[in-house]
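Before any comments, here is the structure.
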Amino acid sequence: MTLKCSGKVLLTTNTSDDGIAVAAKKKLLENGIDESQIMLGHDIQILEKDDLYVSYEPPDLVIRIVYDKKENGMIKMKNIKMIKI
């Protein structure tokens, strides 16, 4: 399954290991995400509906899609894929 996203992809590695961030970005590129869409960070408030949130939960990347963002800022996401690094 190729990932499709027309918006932003927020990558949160939850580690200070730069090697994990590089490997995670490589895996996202291999799975169809455009490099210009990928942002490293922790501020989920920048996400909008249909954006992707990617977190590193060893040994996998967990891909979640934002399916709703409330006016109060609450973001609802659901898991759509797990990728082994």
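We name chains A, B, ... following the order of the structure tokens; residues begin at 1 in each chain, and ligands are numbered from 1 as shown.
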- Item | DSSP-assigned strand (DSSP E) among region 1-34 of chain A, expressed as a count of residues only | 4
- What lies within 7 Å of Met82 (chain A) using only C-alpha atoms, ignoring chain neighbours under 6 positions off, as a PyMOL selection string? chain A and resi 60-63
- Query: If you measure from CA of Ile75 (chain A) to CA of Thr13 (chain A), what distance in Å do you get, rounded to one decimal?
  - Reply: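 The value is 19.1 Å.
Using only C-alpha atoms, the shortest contact distance between Ile85 (chain A) and any of A:Pro59, A:Gln37, A:Asn31, A:Glu48 is found at A:Pro59.
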- Message: Quick check, in Å to one decimal: how far apart do CA of Leu47 (chain A) and CA of Ile83 (chain A) lie?
- Response: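 Result for CA of Leu47 (chain A) versus CA of Ile83 (chain A): 20.9 Å, one decimal.
Taking CA of Asp51 (chain A) as the reference point, CA of Thr15 (chain A) is found at 22.1 Å.
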- Task: List the neighbours of Met39 (chain A) out to 7 Å using only C-alpha atoms; skip same-chain residues closer than 4 positions along the sequence, and give me the result as an NGL selection string.
- Result: :A and (9-11)
Show me, as a CSV table (one decimal) with N, CA and C atoms, in the first residue's frame, the residues that have an atom within 12 Å of Lys8 (chain A) when counting only C-alpha atoms, minus same-chain residues fewer than 5 positions from it.
chain,number,residue,atom,x,y,z
A,33,ILE,N,5.6,9.1,-0.1
A,33,ILE,CA,5.5,10.5,0.4
A,33,ILE,C,6.5,11.4,-0.3
A,34,ASP,N,6.1,12.6,-0.7
A,34,ASP,CA,7.1,13.5,-1.3
A,34,ASP,C,7.9,14.2,-0.2
A,35,GLU,N,9.2,14.3,-0.5
A,35,GLU,CA,10.1,14.9,0.5
A,35,GLU,C,9.6,16.3,1.0
A,36,SER,N,9.1,17.1,0.1
A,36,SER,CA,8.7,18.4,0.5
A,36,SER,C,7.5,18.5,1.5
A,37,GLN,N,6.8,17.4,1.6
A,37,GLN,CA,5.7,17.3,2.6
A,37,GLN,C,6.1,17.0,4.0
A,38,ILE,N,7.3,16.4,4.2
A,38,ILE,CA,7.7,15.9,5.5
A,38,ILE,C,8.3,17.0,6.3
A,39,MET,N,7.8,17.1,7.6
A,39,MET,CA,8.3,18.1,8.5
A,39,MET,C,8.6,17.3,9.8
A,40,LEU,N,9.8,17.7,10.4
A,40,LEU,CA,10.1,17.1,11.7
A,40,LEU,C,9.6,18.0,12.8
A,41,GLY,N,9.0,17.5,13.8
A,41,GLY,CA,8.5,18.3,14.9
A,41,GLY,C,7.6,17.6,15.8
A,44,ILE,N,1.5,19.1,17.0
A,44,ILE,CA,0.4,18.5,16.2
A,44,ILE,C,-0.7,19.5,15.9
A,45,GLN,N,-0.6,20.6,16.5
A,45,GLN,CA,-1.6,21.7,16.2
A,45,GLN,C,-1.5,22.2,14.8
A,46,ILE,N,-0.4,22.0,14.1
A,46,ILE,CA,-0.2,22.5,12.7
A,46,ILE,C,-1.0,21.6,11.8
A,47,LEU,N,-1.4,20.4,12.2
A,47,LEU,CA,-2.0,19.4,11.3
A,47,LEU,C,-3.5,19.8,11.1
A,48,GLU,N,-3.9,19.5,9.9
A,48,GLU,CA,-5.3,19.7,9.4
A,48,GLU,C,-5.9,18.4,9.0
A,49,LYS,N,-7.2,18.4,8.7
A,49,LYS,CA,-7.8,17.2,8.2
A,49,LYS,C,-7.1,16.6,7.0
A,50,ASP,N,-6.9,15.3,7.0
A,50,ASP,CA,-6.2,14.5,5.9
A,50,ASP,C,-4.7,14.6,5.9
A,51,ASP,N,-4.1,15.4,6.9
A,51,ASP,CA,-2.7,15.3,7.0
A,51,ASP,C,-2.3,14.0,7.7
A,52,LEU,N,-1.0,13.7,7.6
A,52,LEU,CA,-0.5,12.5,8.3
A,52,LEU,C,0.4,12.8,9.5
A,53,TYR,N,0.3,12.0,10.5
A,53,TYR,CA,1.1,12.1,11.7
A,53,TYR,C,1.9,10.8,11.8
A,54,VAL,N,3.2,10.9,11.9
A,54,VAL,CA,4.1,9.7,11.9
A,54,VAL,C,4.9,9.7,13.2
A,64,ARG,N,-0.6,7.7,11.2
A,64,ARG,CA,-2.0,8.1,11.5
A,64,ARG,C,-2.5,9.2,10.6
A,65,ILE,N,-3.7,9.1,10.3
A,65,ILE,CA,-4.3,10.2,9.4
A,65,ILE,C,-5.3,11.0,10.3
A,66,VAL,N,-5.2,12.3,10.1
A,66,VAL,CA,-6.1,13.2,10.9
A,66,VAL,C,-7.5,13.2,10.1
- Judged by only C-alpha atoms, the minimum distance to Thr2 (chain A) among A:Glu30, A:Asp68, A:Glu57, A:Asp43 is found for A:Glu30
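For the set A:Tyr56, A:Leu3, A:Lys76, A:Lys69, the residue with the smallest atom-to-atom gap to Ser16 (chain A) is A:Tyr56, counting only C-alpha atoms.
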- Would you please give, as a list in words, all residues of chain A that DSSP assigns to helix (DSSP H, G or I) based on the backbone? Asp18, Gly19, Ile20, Ala21, Val22, Ala23, Ala24, Lys25, Lys26, Lys27, Leu28, Leu29, Glu30, Glu35, Ser36, Gln37, Ile44, Gln45 and Ile46 of chain A
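Each of A:Glu71, A:Lys84, A:His42, A:Asn14 was compared to Lys26 (chain A) using only C-alpha atoms, and A:Lys84 turns out to be the nearest.
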